[in-house]
Every structure is written in C-alpha cells, then in structure tokens.
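> What follows is model07.txt; its format and atoms are compact mmCIF, C-alpha atoms.
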```txt
# COMPACT_ATOMS: atom_id res chain seq x y z
CA THR A 30 68.31 -122.21 -138.30
CA ARG A 31 69.65 -121.74 -134.80
CA GLY A 32 68.95 -125.19 -133.42
CA PRO A 33 67.06 -128.49 -133.71
CA GLY A 34 63.36 -128.15 -134.48
CA GLU A 35 63.47 -124.61 -135.86
CA ALA A 36 63.34 -125.73 -139.51
CA GLU A 37 60.01 -127.44 -138.79
CA GLU A 38 58.53 -124.31 -137.24
CA LEU A 39 59.83 -122.04 -140.03
CA ALA A 40 58.35 -124.30 -142.72
CA ARG A 41 55.01 -124.55 -140.92
CA ARG A 42 54.86 -120.79 -140.52
CA ALA A 43 55.80 -120.16 -144.17
CA ALA A 44 53.03 -122.48 -145.36
CA ALA A 45 50.49 -120.84 -143.05
CA GLU A 46 51.49 -117.39 -144.37
CA GLY A 47 50.70 -118.42 -147.93
CA PHE A 48 54.08 -119.03 -149.56
CA ALA A 49 53.66 -121.20 -152.66
CA VAL A 50 57.14 -122.80 -152.42
CA VAL A 51 59.16 -123.58 -149.29
CA ALA A 52 62.83 -124.55 -149.74
CA ALA A 53 65.15 -126.20 -147.22
CA ALA A 54 68.92 -126.27 -147.75
CA GLY A 55 70.72 -128.87 -145.66
CA GLY A 56 71.05 -132.59 -145.09
CA ASP A 57 68.37 -135.23 -144.68
CA GLY A 58 67.75 -134.06 -141.10
CA THR A 59 66.95 -130.50 -142.14
CA ILE A 60 64.74 -131.79 -144.95
CA HIS A 61 62.99 -134.11 -142.47
CA GLU A 62 62.19 -131.19 -140.16
CA ALA A 63 60.96 -128.92 -142.95
CA ALA A 64 58.77 -131.67 -144.43
CA ASN A 65 57.22 -132.26 -140.99
CA GLY A 66 56.44 -128.55 -140.75
CA LEU A 67 54.70 -128.56 -144.13
CA LEU A 68 52.76 -131.74 -143.39
CA ARG A 69 51.64 -130.49 -139.98
CA SER A 70 50.48 -127.20 -141.53
CA GLY A 71 47.81 -128.99 -143.56
CA MET A 72 48.59 -126.75 -146.56
CA THR A 73 48.78 -129.56 -149.10
CA GLN A 74 49.30 -127.37 -152.18
CA VAL A 75 52.60 -125.89 -150.95
CA ILE A 76 55.54 -127.15 -153.05
CA PHE A 77 58.60 -128.37 -151.16
CA ALA A 78 62.04 -127.64 -152.66
CA PRO A 79 64.80 -129.72 -150.96
CA ILE A 80 68.32 -128.38 -151.64
CA PRO A 81 71.09 -130.92 -150.81
CA ALA A 82 73.85 -129.70 -148.50
CA GLY A 83 74.43 -132.65 -146.15
CA SER A 84 76.52 -135.77 -145.72
CA ALA A 85 74.18 -138.28 -147.40
CA ASN A 86 71.38 -136.41 -149.24
CA ASP A 87 69.45 -139.67 -149.59
CA TYR A 88 66.07 -138.02 -150.16
CA VAL A 89 67.29 -135.77 -152.97
CA HIS A 90 68.86 -138.84 -154.57
CA GLY A 91 65.49 -140.60 -154.39
CA LEU A 92 63.83 -137.63 -156.08
CA GLY A 93 66.31 -137.92 -158.96
CA LEU A 94 67.64 -134.40 -158.42
CA SER A 95 71.21 -133.30 -159.01
CA GLY A 96 73.23 -131.43 -156.40
CA ASP A 97 72.63 -128.08 -158.10
CA TRP A 98 69.24 -128.70 -159.64
CA TRP A 99 67.79 -125.38 -158.47
CA ARG A 100 70.52 -123.32 -160.19
CA ARG A 101 69.62 -124.15 -163.77
CA PRO A 102 66.44 -124.73 -165.76
CA ASP A 103 65.70 -128.39 -166.38
CA ALA A 104 62.66 -129.52 -168.32
CA GLY A 105 62.68 -132.85 -166.47
CA VAL A 106 62.18 -131.32 -162.98
CA ALA A 107 58.71 -130.27 -161.87
CA PRO A 108 56.42 -130.51 -158.83
CA GLY A 109 54.98 -133.95 -158.25
CA TRP A 110 53.17 -135.85 -155.48
CA VAL A 111 55.09 -138.37 -153.37
CA ASP A 112 54.27 -140.73 -150.52
CA VAL A 113 54.96 -140.05 -146.85
CA GLY A 114 55.28 -142.32 -143.83
CA VAL A 115 53.97 -141.63 -140.33
CA ALA A 116 55.28 -143.31 -137.16
CA ARG A 117 53.36 -143.43 -133.87
CA SER A 118 54.14 -144.68 -130.37
CA GLY A 119 52.05 -143.53 -127.43
CA ASP A 120 51.65 -139.76 -127.76
CA ARG A 121 54.57 -139.46 -130.23
CA LYS A 122 53.86 -138.93 -133.91
CA ARG A 123 56.29 -137.97 -136.67
CA PHE A 124 56.23 -137.98 -140.45
CA PHE A 125 59.11 -139.21 -142.60
CA VAL A 126 59.80 -138.84 -146.30
CA ASN A 127 62.68 -141.19 -147.10
CA GLY A 128 62.85 -144.09 -144.65
CA LEU A 129 62.54 -145.54 -141.18
CA GLY A 130 65.16 -147.73 -139.53
CA ALA A 131 64.65 -149.65 -136.28
CA GLY A 132 67.30 -151.60 -134.40
CA PHE A 133 70.59 -151.94 -136.30
CA ASN A 134 69.79 -148.98 -138.56
CA GLY A 135 69.10 -146.74 -135.59
CA LEU A 136 72.34 -147.83 -133.92
CA VAL A 137 74.28 -146.94 -137.08
CA THR A 138 72.67 -143.50 -137.10
CA ARG A 139 73.67 -142.94 -133.46
CA GLU A 140 77.24 -144.05 -134.13
CA ALA A 141 77.48 -141.81 -137.22
CA ARG A 142 76.67 -138.80 -135.02
CA ARG A 143 79.84 -139.51 -133.02
CA ILE A 144 82.17 -139.50 -136.04
CA ARG A 145 83.84 -136.29 -137.17
CA ARG A 146 85.65 -135.32 -140.39
CA LEU A 147 84.01 -137.94 -142.58
CA ARG A 148 81.06 -137.64 -144.95
CA GLY A 149 79.03 -139.78 -147.27
CA LEU A 150 79.66 -143.51 -147.63
CA ALA A 151 82.91 -143.36 -145.61
CA LEU A 152 81.03 -141.93 -142.62
CA TYR A 153 78.26 -144.52 -142.63
CA GLY A 154 80.62 -147.36 -143.53
CA LEU A 155 82.72 -146.67 -140.42
CA ALA A 156 79.55 -146.35 -138.33
CA VAL A 157 78.41 -149.78 -139.57
CA LEU A 158 81.74 -151.37 -138.61
CA ARG A 159 81.61 -149.84 -135.12
CA VAL A 160 78.07 -151.13 -134.52
CA ILE A 161 78.99 -154.63 -135.72
CA ALA A 162 82.06 -154.65 -133.45
CA PHE A 163 80.67 -153.05 -130.29
CA HIS A 164 76.86 -152.78 -130.32
CA TYR A 165 75.62 -155.88 -132.14
CA SER A 166 72.27 -157.08 -130.72
CA CYS A 167 69.17 -158.96 -131.87
CA PRO A 168 66.34 -158.43 -129.37
CA VAL A 169 63.25 -160.61 -129.72
CA THR A 170 60.71 -158.56 -131.65
CA THR A 171 57.18 -159.20 -132.92
CA VAL A 172 56.54 -157.74 -136.37
CA ARG A 173 53.24 -157.64 -138.28
CA LEU A 174 53.14 -156.31 -141.84
CA ASP A 175 49.79 -155.16 -143.25
CA ASP A 176 47.14 -157.67 -142.14
CA GLY A 177 49.45 -160.67 -142.20
CA GLU A 178 50.41 -162.92 -139.33
CA SER A 179 52.69 -161.62 -136.59
CA VAL A 180 56.25 -162.97 -136.66
CA THR A 181 58.18 -163.14 -133.38
CA THR A 182 61.92 -163.62 -133.84
CA PRO A 183 65.32 -162.23 -132.83
CA THR A 184 65.55 -159.11 -134.97
CA LEU A 185 68.67 -157.30 -136.04
CA GLY A 186 66.76 -154.49 -137.71
CA LEU A 187 63.78 -153.38 -139.75
CA SER A 188 63.87 -150.83 -142.59
CA LEU A 189 60.76 -149.32 -144.17
CA ALA A 190 61.94 -147.51 -147.28
CA LEU A 191 60.21 -144.91 -149.40
CA GLY A 192 63.46 -143.95 -151.17
CA ARG A 193 66.20 -146.27 -152.38
CA ARG A 194 69.03 -145.18 -150.06
CA GLU A 195 69.65 -144.99 -146.31
CA GLY A 196 72.94 -143.49 -145.15
CA ASN A 197 74.31 -143.73 -148.71
CA PHE A 198 73.61 -147.51 -148.75
CA VAL A 199 71.08 -148.75 -151.30
CA VAL A 200 68.64 -150.54 -148.99
CA ALA A 201 65.73 -150.85 -151.42
CA PRO A 202 66.85 -150.93 -155.08
CA GLN A 203 63.27 -151.11 -156.42
CA ALA A 204 61.75 -148.48 -154.11
CA SER A 205 59.69 -145.68 -155.61
CA LEU A 206 58.55 -142.53 -153.82
CA ASP A 207 55.08 -142.62 -155.36
CA ASP A 208 54.02 -146.28 -155.64
CA GLY A 209 51.94 -146.33 -152.43
CA LEU A 210 54.15 -148.95 -150.77
CA PHE A 211 57.06 -149.27 -148.37
CA ASP A 212 59.89 -151.58 -149.42
CA TYR A 213 60.81 -153.43 -146.23
CA VAL A 214 63.91 -155.32 -145.12
CA HIS A 215 63.49 -157.36 -141.92
CA GLY A 216 66.78 -158.85 -140.72
CA GLY A 217 66.96 -161.75 -138.27
CA ALA A 218 69.85 -162.94 -136.12
CA ALA A 219 72.51 -162.98 -138.81
CA SER A 220 76.12 -163.51 -137.77
CA ARG A 221 78.59 -160.66 -137.78
CA ARG A 222 80.27 -162.22 -140.82
CA ASP A 223 76.97 -162.48 -142.72
CA LEU A 224 76.19 -158.89 -141.79
CA LEU A 225 79.52 -157.67 -143.18
CA VAL A 226 78.81 -159.49 -146.45
CA PHE A 227 75.27 -158.08 -146.53
CA MET A 228 76.46 -154.49 -146.04
CA ALA A 229 79.17 -154.92 -148.70
CA GLN A 230 76.51 -156.09 -151.14
CA MET A 231 74.44 -153.00 -150.33
CA ALA A 232 77.42 -150.72 -150.92
CA ALA A 233 78.07 -152.42 -154.27
CA GLN A 234 74.34 -152.39 -155.14
CA ARG A 235 74.39 -156.17 -155.52
CA LEU A 236 72.06 -157.07 -152.69
CA ARG A 237 70.98 -160.71 -152.47
CA THR A 238 67.31 -161.29 -151.75
CA ASP A 239 67.45 -164.98 -150.81
CA HIS A 240 69.18 -164.96 -147.40
CA PRO A 241 67.24 -167.27 -145.02
CA LEU A 242 67.36 -164.73 -142.19
CA VAL A 243 66.25 -161.73 -144.27
CA ARG A 244 62.66 -161.00 -145.29
CA MET A 245 62.11 -158.48 -148.07
CA GLY A 246 58.94 -157.28 -149.71
CA ARG A 247 56.40 -154.47 -149.78
CA CYS A 248 53.75 -153.29 -147.36
CA ARG A 249 51.59 -150.31 -146.40
CA LYS A 250 51.58 -150.75 -142.62
CA ALA A 251 53.84 -152.23 -139.94
CA VAL A 252 53.35 -152.86 -136.24
CA LEU A 253 56.18 -154.02 -133.98
CA TYR A 254 56.79 -154.76 -130.33
CA ALA A 255 60.32 -155.33 -129.01
CA GLU A 256 61.30 -156.90 -125.69
CA ALA A 257 64.17 -154.39 -125.43
CA PRO A 258 63.57 -150.61 -125.69
CA LEU A 259 63.55 -149.46 -129.29
CA ILE A 260 65.99 -147.23 -131.15
CA VAL A 261 64.36 -145.83 -134.29
CA HIS A 262 65.41 -143.18 -136.79
CA LEU A 263 63.25 -141.38 -139.34
CA ASP A 264 65.23 -139.90 -142.24
CA GLY A 265 68.32 -140.02 -140.01
CA GLU A 266 66.63 -138.18 -137.11
CA PHE A 267 65.82 -140.07 -133.93
CA PHE A 268 62.20 -140.91 -133.23
CA CYS A 269 63.21 -142.69 -130.02
CA LEU A 270 66.32 -143.85 -128.17
CA PRO A 271 66.62 -146.81 -125.75
CA GLU A 272 66.56 -144.46 -122.76
CA ASP A 273 63.06 -143.35 -123.82
CA GLY A 274 61.78 -146.80 -122.89
CA LEU A 275 59.47 -147.28 -125.89
CA HIS A 276 58.74 -150.88 -126.91
CA ASP A 277 55.98 -150.54 -129.52
CA LEU A 278 55.69 -148.76 -132.86
CA GLU A 279 53.01 -148.34 -135.53
CA VAL A 280 53.91 -147.17 -139.02
CA GLU A 281 51.58 -146.28 -141.89
CA LEU A 282 52.05 -145.03 -145.45
CA LEU A 283 50.17 -141.91 -146.57
CA PRO A 284 49.94 -142.04 -150.38
CA ARG A 285 50.74 -138.88 -152.37
CA ALA A 286 50.71 -136.67 -149.28
CA LEU A 287 53.50 -134.21 -150.17
CA ARG A 288 54.06 -132.06 -153.24
CA VAL A 289 57.77 -131.73 -154.01
CA PHE A 290 60.14 -130.80 -156.82
CA ARG A 291 61.41 -134.01 -158.40
CA ARG A 292 62.62 -135.46 -161.67
CA LEU A 293 59.48 -136.74 -163.31
CA PRO A 294 59.54 -140.08 -165.13
CA THR A 295 59.74 -139.83 -168.89
CA ALA A 296 56.53 -140.91 -170.59
CA PRO A 297 56.89 -143.41 -173.47
CA PRO A 298 56.40 -141.86 -176.91
CA ALA A 299 52.88 -142.06 -178.32
CA ASN A 300 52.25 -144.87 -180.82
CA SER A 301 55.72 -146.26 -180.12
CA SER A 302 54.69 -149.63 -181.49
CA GLY A 303 54.16 -148.12 -184.93
CA GLY A 304 50.50 -149.11 -184.94
```
What does this structure look like when you write it as structure tokens?


Amino acid sequence: TRGPGEAEELARRAAAEGFAVVAAAGGDGTIHEAANGLLRSGMTQVIFAPIPAGSANDYVHGLGLSGDWWRRPDAGVAPGWVDVGVARSGDRKRFFVNGLGAGFNGLVTREARRIRRLRGLALYGLAVLRVIAFHYSCPVTTVRLDDGESVTTPTLGLSLALGRREGNFVVAPQASLDDGLFDYVHGGAASRRDLLVFMAQMAAQRLRTDHPLVRMGRCRKAVLYAEAPLIVHLDGEFFCLPEDGLHDLEVELLPRALRVFRRLPTAPPANSSGG
C-alpha cells in the first residue's frame, strides 16, 4: 500500500471482483483496514488471510496462528467464522476485529506511535510508562453495558476485547473470538502506583480480577459519554482523537460476521468416556 486507507479499498475491491481469499500482510493496523474493506463489501463468503508482519500482531495471536502459518500445510488451520465489533459516533462508523480501547488505552496507542526503534512488548511497555508519567487522566464518564444501569464515575479507561491481547498485553485472558461476547475491563480512578502493578500483572499474565476500582465481565453492547473529548483506538488505529471533539460512543458486537483462517479448536474424541 502507498498510504493509510488504501488497504481497505484494495480489500473491498478484491471482494467485489470475486476473489475467494483476500490476504493482508502487515501489523494489526493493516489487518484492521483490510477487514473493514471486506466487511463493507458485504461479500460474507470471502475468506480473510491475515499474515503477521507488525510490532504486536495481536489479532493473529488471538486466531492461534503462528508467524509463518501460511508457508506450510497445517491440518489445524482452516476457515472459520469469528465475531466483529462496530463502533459508532455521529456519522462515524468503523468495524474492529480484535479490540477497542478508550481513554488510557487510546493514550498508550498515541504514545506508541511516537516511539522509534522498539517493537513488541518493549514498545508498548515504554508507551505505558510515558502515559502514566505525563498523560494520566480520569475524566468523568457514563458507561452503560448491555441493558444494565448506567454508571457515572471517573474513568481511566475502557477495553472491549474480542481477542486476548492489546499491544502485546493480555487484557482479557478468557476472551474468545467466536463466543458472541466482548470481554470488558472498565478501570476507575486508580492511583499511578496501582496502575503500574496492574500493568505488570497483565504483562505476566497474572491479572487480578478483584480490584475495587476495576470492573470486569462480558457484554454485547456498550454506550459511553465522557465529559472530556474521547480518545479511542480500534485494533490500534484511531477512531477519534481529543481534537475531534467527540464525547459519545456506541459499540455493538456482530456475531460470526467475518470468515477468517484460524486455528480451529480440537474436538474431543468420540465416546471418550468409554461408554
């Protein structure tokens, strides 16, 4: 591609022209664009083949694919249906395939864009430290999940995860790409010290679920309104920045909306009980 947005148009055009498989080689941003092109095309039978060549490759990790999965035959990899998220605010609408991050998560994404010569966990770890040191904020935000009651509280960030990882950090250890649910993490006004501990637990995959300022669970829809302008990323690509002046966001899960190469779960053997 020659610039931002072209991967989306190429994927949309390929689907419209009748290609059975559309591949995208790149990071999560390239995969995000190509997936949006396929989803906007309406050609639901096209198979998406994401090839990892980025700094995090979170989506490919969630699909259970190795870094060179397309180079060698593997009986465990086949096309399968996975869930997709869609975010809306005013006349903006974008799909996402791995995760949405509002607030802190968006700030980390913006800071990571400013760092050169690092990749993977080192890149996002440094971005986290910079946000904690220089951009820490908890604007009052109203959040409603599914049809539950609205909660208005100082909010550090909100993650809606389809896949397990976000920026190499395991945000949602139990997340599944095809269970029809987001795994959410809603962080309140935690201290900088608590946040450092929380991020270290994520990096070590030993995340506590009982912090009094953190809500975790599963949902299909989320609606939020923030007093301060929102910063939101989808799969590591910005949906909105503070200078856009957006305060409200609606997010919905679309079950089994994308057909993609993935490692399929192994079925239990028949009559395994011996009966």

> Using all atoms listed in the file, can you tell me which of A:Ile60, A:Val126, A:Val106, A:Met72 comes closest to Gly192 (chain A)?

A:Val126

> For each of A:Val160, A:Leu67, A:Leu39, A:Leu189, take the minimum atom-to-atom distance to Asn127 (chain A), counting all atoms listed in the file, then give the residue where this is smallest.

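Nearest candidate to Asn127 (chain A) out of A:Val160, A:Leu67, A:Leu39, A:Leu189: A:Leu189.
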
> Neighbours of Pro33 (chain A) within 9 Å (all atoms listed in the file; same-chain residues fewer than 3 positions away dropped), as a PDB file with C-alpha atoms, in the frame of the given file?


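Written output follows (around.pdb):
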```
ATOM      1  CA  THR A  30      68.310-122.210-138.300  1.00  0.00           C
ATOM      2  CA  ALA A  36      63.340-125.730-139.510  1.00  0.00           C
ATOM      3  CA  GLU A  37      60.010-127.440-138.790  1.00  0.00           C
ATOM      4  CA  THR A  59      66.950-130.500-142.140  1.00  0.00           C
ATOM      5  CA  GLU A  62      62.190-131.190-140.160  1.00  0.00           C
TER       6      GLU A  62
END
```

> Identify the residues within 9 Å of coordinate (57.5, -140.3, -139.4) (same frame as the file), considering only C-alpha atoms, and give the answer as a list in words.

His61, Asn65, Val113, Gly114, Val115, Ala116, Arg117, Lys122, Arg123, Phe124, Phe125, Val126, Gly128, Leu129, His262, Leu263, Asp264, Phe268, Val280 and Glu281 of chain A

> What is the distance between CA of Leu210 (chain A) and CA of Asp112 (chain A), in Å to one decimal?

8.2 Å

> Rank nothing, just name the residue among A:Gly91, A:Leu259, A:Leu242, A:Gly34 nearest to Asp223 (chain A), using only C-alpha atoms.

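Going through A:Gly91, A:Leu259, A:Leu242, A:Gly34 one by one, the smallest distance to Asp223 (chain A) is for A:Leu242.
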
> Using all atoms listed in the file and a cutoff of 8 Å, can you tell me which residues are near (67.1, -157.0, -134.6) in the file's coordinates, and write them out as an MDAnalysis selection string?

chainID A and resid 131:133 166:170 183:187 216:218

> For the atom pair CA of Pro241 (chain A) and CA of Tyr213 (chain A), what is the interatomic distance in Å to one decimal place?

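Taking CA of Pro241 (chain A) and CA of Tyr213 (chain A), their separation equals 15.3 Å.
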
> Looking at A:Gln203, A:Asn134, A:Ser84, A:Ser70, which one is nearest to Ile161 (chain A), with distances taken over only C-alpha atoms?

A:Asn134

> Given all atoms listed in the file as the basis, pick out the residue of A:Ala43, A:Val137, A:Val214, A:Leu152 nearest to Pro202 (chain A).

A:Val214

> Pick out the closest residue to Val226 (chain A) from this set: A:Leu158, A:Ala52, A:Ala64, A:Leu150. Count only C-alpha atoms.

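Closest to Val226 (chain A) of all the choices is A:Leu158.
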
> When you draw a straight line from CA of Leu136 (chain A) to CA of Tyr165 (chain A), how long is it in Å?

8.9 Å

> Do you know which residues are at most 8 Å from Arg292 (chain A) counting all atoms listed in the file, after dropping those on the same chain fewer than 4 positions away, and could you put them as a ChimeraX atom specification?

/A:92-94,105-107
